[in-house]
Amino acid sequence: MNARAVRVGPVSFRFDPRVPALIGTALAVLALLAAWASTLGSFDLGLGDVVRVLAGGGTPEERFVVTGLRLPRILAAVLVGPLLALSGAIFQGLIRNPLVSPDVIGIQAGAACAAVWWIVSGGPSGLQPLAAFAGAAAAAAAVYLLSWRGRLAPARLVLVGIGVNSLLTAVTTLLVVRARIWEAARAMVWMTGSINNVDWDDVRALVLALLALLPLGTALMGGLRVLQLGDDRALSLGIPVERLRLALILVGCAASAAAVSVAGPVGFIALAVPHLARMLAGPMTAGVFALTGVMGGILLLGADMVAQHLLPVSLPVGVVTGVVGAPYFLYLLLRSQVRL
C-alpha cells in the first residue's frame with residue numbers, strides 16, 4: 001500500500017500516486033482502442049482519413065461512415081461501459097457483497113421488462129430508451145420500498161432484489177412468447193445487450209448522465225468507505241447512514257438505468273470491472289472509482305470490437321460480455337467462498 005496522508009487546510013485524505021498513473025494509462029488504452037475501432041469495417045478507412053473527416057474534410061461517404069455510423073457507436077460503448085461499472089462499484093460497496101450488481105437485484109430486469117413491453121405493444125422506437133429508463137427506476141423503487149423495515153438492511157435488499165429480478169424476468173419471457181415473431185426477434189436482440197442502433201441523441205443522453213453521476217458518485221465514496229465499517233461505527237462518526245445509503249442507491253440506479261435504456265441489459269460489466277479495478281489499485285476510493293469507470297469503457301469497447309470484427313458473424317456485444325463474464329463469475333464465486 002503506497003498511500004500517504006495529505007493535508008490541505010482543514011481537509012486531510014490519503015493519496016496513492018499509483019492511482020493517477022493507472023487512470024492515465026487506462027485513458028491512453030481507451031483512446032487507442034477508440035482510434036483503432038474508427039478504422040474497422042467494410043468501408044476501408046485509415047486513421048488519417050478519420051482525422052480528416054473529424055477536421056471537417058473527407059468525402060460525403062467518409063463523413064457518413066465516420067460521423068453517422070462508427071463514431072456514435074464508439075462513444076456509446078465508451079459511455080455505457082463506465083455507467084455500468086460505476087453502478088456495480090456502488091452496489092458492491094454498499095451491500096458489501098462481491099457478487100452483487102444491478103443485473104442481479106432487478107434493476108436491469110426492470111428496464112428489460114419495460115422495453116420489451118414497449119416493443120411488443122408497438123410503441124415508437126424513439127421512445128424505447130425512456131420506457132427502459134422508467135422500468136429500471138420503477139424496479140429500483142420497488143426493491144427499495146419492499147426492503148425497508150425501519151431501516152435498509154443490505155442482506156434484505158439483496159434477497160428482495162433477487163425476487164423482483166425473477167418476477168420481472170418471468171414477465172419479460174411471457175411478453176416475448178406472446179409477441180409476434182418479428183417483435184420477439186427485435187426484443188431478443190435488445191435483451192441480449194446491443195449498441196447496434198445508437199444515434200447522437202443516445203450519445204448526448206449518456207454524456208449528460210455520466211457528467212452528472214460521476215461527480216456525485218465520487219463525492220459519496222468517502223462516506224461509503226465509512227459505511228462499510230458498520231452502521232454503529234458510521235453513526236458514531238456522525239455519518240447520516242440512511243440518507244447516505246439512499247443517495248448511493250439513487251446514484252447507482254440512475255447510472256444503471258441510463259446505460260440500460262440505451263444499450264439494453266449488457267451483462268457482467270457491472271459485476272467484473274469493479275473487481276478488476278480493486279485488484280489493480282486497492283480498496284474503492286474516489287480515484288479507484290474513476291479508474292473503474294475508465295476500465296468499464298475499455299472492456300465494453302473491446303467486447304464490441306470483438307463482436308463486430310473478430311468473429312465470423314456480427315453479434316450483439318452482450319453475447320461477448322456474457323461468454324467472458326460467466327466464467328469470471330464462477331471464479332469470483334469460488335474465490336469469495338460464499339455459501340449459498
# chains A, B, ... in the order shown; residues from 1 in each chain; ligands from 1

$ closest_atom_pairs --of "region 165-233 of chain A" --to "region 120-143 of chain A" --cutoff "9 Å" --atoms "only C-alpha atoms" --output "Markdown table"
| residue | atom | partner | partner_atom | distance |
| --- | --- | --- | --- | --- |
| A:Asn165 | CA | A:Ala139 | CA | 8.5 |
| A:Leu168 | CA | A:Ala139 | CA | 8.7 |
| A:Leu175 | CA | A:Val120 | CA | 7.3 |
| A:Val176 | CA | A:Val120 | CA | 7.6 |
| A:Arg178 | CA | A:Val120 | CA | 8.7 |
| A:Ala179 | CA | A:Val120 | CA | 5.8 |
| A:Arg180 | CA | A:Val120 | CA | 7.6 |
| A:Glu183 | CA | A:Val120 | CA | 5.6 |
| A:Ala184 | CA | A:Val120 | CA | 7.3 |
| A:Ala187 | CA | A:Val120 | CA | 7.8 |
| A:Asp202 | CA | A:Pro129 | CA | 8.4 |

$ write_last_selection --atoms "C-alpha atoms" --output "short mmCIF file (atom, residue, chain, number, x, y, z; two decimals), in the first residue's frame"
data_model
loop_
_atom_site.label_atom_id
_atom_site.label_comp_id
_atom_site.auth_asym_id
_atom_site.auth_seq_id
_atom_site.Cartn_x
_atom_site.Cartn_y
_atom_site.Cartn_z
CA ASN A 165 -35.46 -9.88 -10.70
CA LEU A 168 -39.68 -9.37 -13.90
CA LEU A 175 -44.26 -10.95 -23.24
CA VAL A 176 -41.75 -12.39 -25.73
CA ARG A 178 -46.91 -13.97 -26.75
CA ALA A 179 -45.42 -11.46 -29.20
CA ARG A 180 -45.43 -11.69 -32.97
CA GLU A 183 -41.44 -8.21 -32.45
CA ALA A 184 -40.00 -11.14 -30.47
CA ALA A 187 -36.94 -7.78 -28.33
CA ASP A 202 -28.43 8.49 -27.31
#

$ atom_distance --atom1 "CA of Pro20 (chain A)" --atom2 "CA of Val241 (chain A)"
29.6 Å

$ select_by_dssp --residues "region 62-296 of chain A" --states "alpha helix (DSSP H)" --output "ChimeraX atom specification"
/A:62-63,71-95,107-120,128-147,154-178,181-192,200-227,231-236,241-263,269-281,286-296

$ closest_residue --among "A:Ala257, A:Ile269, A:Val198, A:Leu157" --to "Gly68 (chain A)" --atoms "only C-alpha atoms"
A:Val198

$ residues_around --residues "Ile107 (chain A)" --least-positions-apart "3" --cutoff "12 Å" --atoms "only C-alpha atoms" --output "PyMOL selection string"
chain A and resi 84+87-88+91+100-104+110-114+132-144+158+160-169+249-250+252-261+264-265+270

$ closest_residue --among "A:Leu54, A:Ile105, A:Leu45, A:Ile195" --to "Val266 (chain A)" --atoms "only C-alpha atoms"
A:Ile195

$ closest_atom_pairs --of "region 16-115 of chain A" --to "region 207-221 of chain A" --cutoff "9 Å" --atoms "only C-alpha atoms" --output "tab-separated table"
residue	atom	partner	partner_atom	distance
A:Ala76	CA	A:Val207	CA	9.0
A:Leu79	CA	A:Val207	CA	6.9
A:Val80	CA	A:Leu210	CA	8.9
A:Pro82	CA	A:Leu210	CA	8.0
A:Leu83	CA	A:Leu210	CA	6.7
A:Leu86	CA	A:Leu214	CA	7.9
A:Ser87	CA	A:Gly217	CA	8.9
A:Ile90	CA	A:Gly217	CA	7.8

$ write_last_selection --atoms "N, CA and C atoms" --output "compact mmCIF listing (two decimals), in the first residue's frame"
# COMPACT_ATOMS: atom_id res chain seq x y z
N ALA A 76 -20.86 5.51 -27.63
CA ALA A 76 -21.83 4.82 -26.79
C ALA A 76 -21.15 3.76 -25.94
N LEU A 79 -19.23 5.29 -23.12
CA LEU A 79 -20.07 5.90 -22.08
C LEU A 79 -20.90 4.85 -21.32
N VAL A 80 -21.44 3.86 -22.02
CA VAL A 80 -22.24 2.83 -21.37
C VAL A 80 -21.38 2.00 -20.42
N PRO A 82 -18.61 2.77 -18.61
CA PRO A 82 -18.39 3.41 -17.31
C PRO A 82 -19.65 3.48 -16.45
N LEU A 83 -20.80 3.77 -17.04
CA LEU A 83 -22.02 3.86 -16.23
C LEU A 83 -22.34 2.52 -15.57
N LEU A 86 -19.55 1.82 -12.82
CA LEU A 86 -19.70 2.65 -11.62
C LEU A 86 -20.91 2.21 -10.80
N SER A 87 -21.98 1.83 -11.48
CA SER A 87 -23.14 1.32 -10.75
C SER A 87 -22.78 0.05 -9.99
N ILE A 90 -20.75 0.86 -6.84
CA ILE A 90 -21.56 1.41 -5.75
C ILE A 90 -22.32 0.30 -5.03

$ closest_residue --among "A:Leu229, A:Ile23, A:Leu315, A:Leu246" --to "Ala286 (chain A)" --atoms "only C-alpha atoms"
A:Ile23

$ atom_distance --atom1 "CA of Leu310 (chain A)" --atom2 "CA of Tyr331 (chain A)"
25.5 Å

$ residues_around --residues "Pro274 (chain A)" --least-positions-apart "3" --cutoff "6 Å" --atoms "only C-alpha atoms" --output "VMD selection string"
chain A and resid 89 277 292

$ write_last_selection --atoms "N, CA and C atoms" --output "PDB file, in the first residue's frame"
ATOM      1  N   ALA A  89     -19.826  -0.819  -8.888  1.00  0.00           N
ATOM      2  CA  ALA A  89     -18.940  -0.472  -7.771  1.00  0.00           C
ATOM      3  C   ALA A  89     -19.735   0.051  -6.581  1.00  0.00           C
ATOM      4  N   ALA A 277     -10.660  -3.353 -11.038  1.00  0.00           N
ATOM      5  CA  ALA A 277     -10.094  -2.086 -10.576  1.00  0.00           C
ATOM      6  C   ALA A 277      -9.509  -2.220  -9.175  1.00  0.00           C
ATOM      7  N   THR A 292     -12.385   2.758 -12.227  1.00  0.00           N
ATOM      8  CA  THR A 292     -13.398   1.760 -12.552  1.00  0.00           C
ATOM      9  C   THR A 292     -14.200   2.180 -13.778  1.00  0.00           C
TER      10      THR A 292
END

$ atom_distance --atom1 "CA of Glu62 (chain A)" --atom2 "CA of Phe43 (chain A)"
8.5 Å

$ decode --residues "region 309-332 of chain A" --atoms "N, CA and C atoms" --output "PDB file, in the first residue's frame"
ATOM      1  N   HIS A 309     -16.011  -7.491 -35.353  1.00  0.00           N
ATOM      2  CA  HIS A 309     -14.953  -7.626 -36.352  1.00  0.00           C
ATOM      3  C   HIS A 309     -14.099  -8.880 -36.234  1.00  0.00           C
ATOM      4  N   LEU A 310     -14.092  -9.535 -35.077  1.00  0.00           N
ATOM      5  CA  LEU A 310     -13.214 -10.683 -34.915  1.00  0.00           C
ATOM      6  C   LEU A 310     -13.918 -12.007 -35.198  1.00  0.00           C
ATOM      7  N   LEU A 311     -15.214 -12.064 -34.977  1.00  0.00           N
ATOM      8  CA  LEU A 311     -15.979 -13.302 -35.144  1.00  0.00           C
ATOM      9  C   LEU A 311     -16.491 -13.431 -36.572  1.00  0.00           C
ATOM     10  N   PRO A 312     -16.817 -14.645 -37.013  1.00  0.00           N
ATOM     11  CA  PRO A 312     -17.298 -14.837 -38.396  1.00  0.00           C
ATOM     12  C   PRO A 312     -18.585 -14.080 -38.700  1.00  0.00           C
ATOM     13  N   VAL A 313     -19.443 -13.888 -37.699  1.00  0.00           N
ATOM     14  CA  VAL A 313     -20.677 -13.135 -37.881  1.00  0.00           C
ATOM     15  C   VAL A 313     -20.744 -12.025 -36.849  1.00  0.00           C
ATOM     16  N   SER A 314     -21.453 -10.946 -37.188  1.00  0.00           N
ATOM     17  CA  SER A 314     -21.619  -9.837 -36.258  1.00  0.00           C
ATOM     18  C   SER A 314     -22.632 -10.212 -35.182  1.00  0.00           C
ATOM     19  N   LEU A 315     -22.280  -9.979 -33.919  1.00  0.00           N
ATOM     20  CA  LEU A 315     -23.136 -10.351 -32.796  1.00  0.00           C
ATOM     21  C   LEU A 315     -23.375  -9.139 -31.901  1.00  0.00           C
ATOM     22  N   PRO A 316     -24.469  -9.151 -31.136  1.00  0.00           N
ATOM     23  CA  PRO A 316     -24.630  -8.111 -30.105  1.00  0.00           C
ATOM     24  C   PRO A 316     -23.508  -8.194 -29.076  1.00  0.00           C
ATOM     25  N   VAL A 317     -23.116  -7.059 -28.542  1.00  0.00           N
ATOM     26  CA  VAL A 317     -21.985  -7.031 -27.617  1.00  0.00           C
ATOM     27  C   VAL A 317     -22.274  -7.832 -26.364  1.00  0.00           C
ATOM     28  N   GLY A 318     -23.540  -7.955 -25.979  1.00  0.00           N
ATOM     29  CA  GLY A 318     -23.885  -8.708 -24.779  1.00  0.00           C
ATOM     30  C   GLY A 318     -23.526 -10.173 -24.862  1.00  0.00           C
ATOM     31  N   VAL A 319     -23.450 -10.715 -26.078  1.00  0.00           N
ATOM     32  CA  VAL A 319     -23.052 -12.120 -26.231  1.00  0.00           C
ATOM     33  C   VAL A 319     -21.605 -12.295 -25.793  1.00  0.00           C
ATOM     34  N   VAL A 320     -20.746 -11.380 -26.212  1.00  0.00           N
ATOM     35  CA  VAL A 320     -19.319 -11.475 -25.866  1.00  0.00           C
ATOM     36  C   VAL A 320     -19.109 -11.248 -24.378  1.00  0.00           C
ATOM     37  N   THR A 321     -19.751 -10.225 -23.807  1.00  0.00           N
ATOM     38  CA  THR A 321     -19.574  -9.991 -22.371  1.00  0.00           C
ATOM     39  C   THR A 321     -20.118 -11.157 -21.552  1.00  0.00           C
ATOM     40  N   GLY A 322     -21.183 -11.809 -22.044  1.00  0.00           N
ATOM     41  CA  GLY A 322     -21.713 -12.967 -21.332  1.00  0.00           C
ATOM     42  C   GLY A 322     -20.765 -14.153 -21.381  1.00  0.00           C
ATOM     43  N   VAL A 323     -20.155 -14.399 -22.547  1.00  0.00           N
ATOM     44  CA  VAL A 323     -19.224 -15.516 -22.691  1.00  0.00           C
ATOM     45  C   VAL A 323     -17.998 -15.309 -21.806  1.00  0.00           C
ATOM     46  N   VAL A 324     -17.522 -14.066 -21.730  1.00  0.00           N
ATOM     47  CA  VAL A 324     -16.357 -13.778 -20.891  1.00  0.00           C
ATOM     48  C   VAL A 324     -16.749 -13.705 -19.418  1.00  0.00           C
ATOM     49  N   GLY A 325     -17.928 -13.132 -19.149  1.00  0.00           N
ATOM     50  CA  GLY A 325     -18.309 -12.862 -17.775  1.00  0.00           C
ATOM     51  C   GLY A 325     -18.748 -14.069 -16.983  1.00  0.00           C
ATOM     52  N   ALA A 326     -19.390 -15.050 -17.628  1.00  0.00           N
ATOM     53  CA  ALA A 326     -19.881 -16.211 -16.884  1.00  0.00           C
ATOM     54  C   ALA A 326     -18.751 -16.989 -16.200  1.00  0.00           C
ATOM     55  N   PRO A 327     -17.660 -17.322 -16.897  1.00  0.00           N
ATOM     56  CA  PRO A 327     -16.557 -17.990 -16.188  1.00  0.00           C
ATOM     57  C   PRO A 327     -15.940 -17.122 -15.100  1.00  0.00           C
ATOM     58  N   TYR A 328     -15.896 -15.806 -15.339  1.00  0.00           N
ATOM     59  CA  TYR A 328     -15.339 -14.917 -14.323  1.00  0.00           C
ATOM     60  C   TYR A 328     -16.224 -14.893 -13.086  1.00  0.00           C
ATOM     61  N   PHE A 329     -17.537 -14.954 -13.277  1.00  0.00           N
ATOM     62  CA  PHE A 329     -18.459 -15.007 -12.148  1.00  0.00           C
ATOM     63  C   PHE A 329     -18.218 -16.273 -11.329  1.00  0.00           C
ATOM     64  N   LEU A 330     -18.037 -17.412 -12.004  1.00  0.00           N
ATOM     65  CA  LEU A 330     -17.761 -18.654 -11.280  1.00  0.00           C
ATOM     66  C   LEU A 330     -16.441 -18.567 -10.515  1.00  0.00           C
ATOM     67  N   TYR A 331     -15.452 -17.921 -11.126  1.00  0.00           N
ATOM     68  CA  TYR A 331     -14.169 -17.726 -10.439  1.00  0.00           C
ATOM     69  C   TYR A 331     -14.353 -16.894  -9.173  1.00  0.00           C
ATOM     70  N   LEU A 332     -15.134 -15.799  -9.286  1.00  0.00           N
ATOM     71  CA  LEU A 332     -15.388 -14.966  -8.110  1.00  0.00           C
ATOM     72  C   LEU A 332     -16.142 -15.741  -7.040  1.00  0.00           C
TER      73      LEU A 332
END
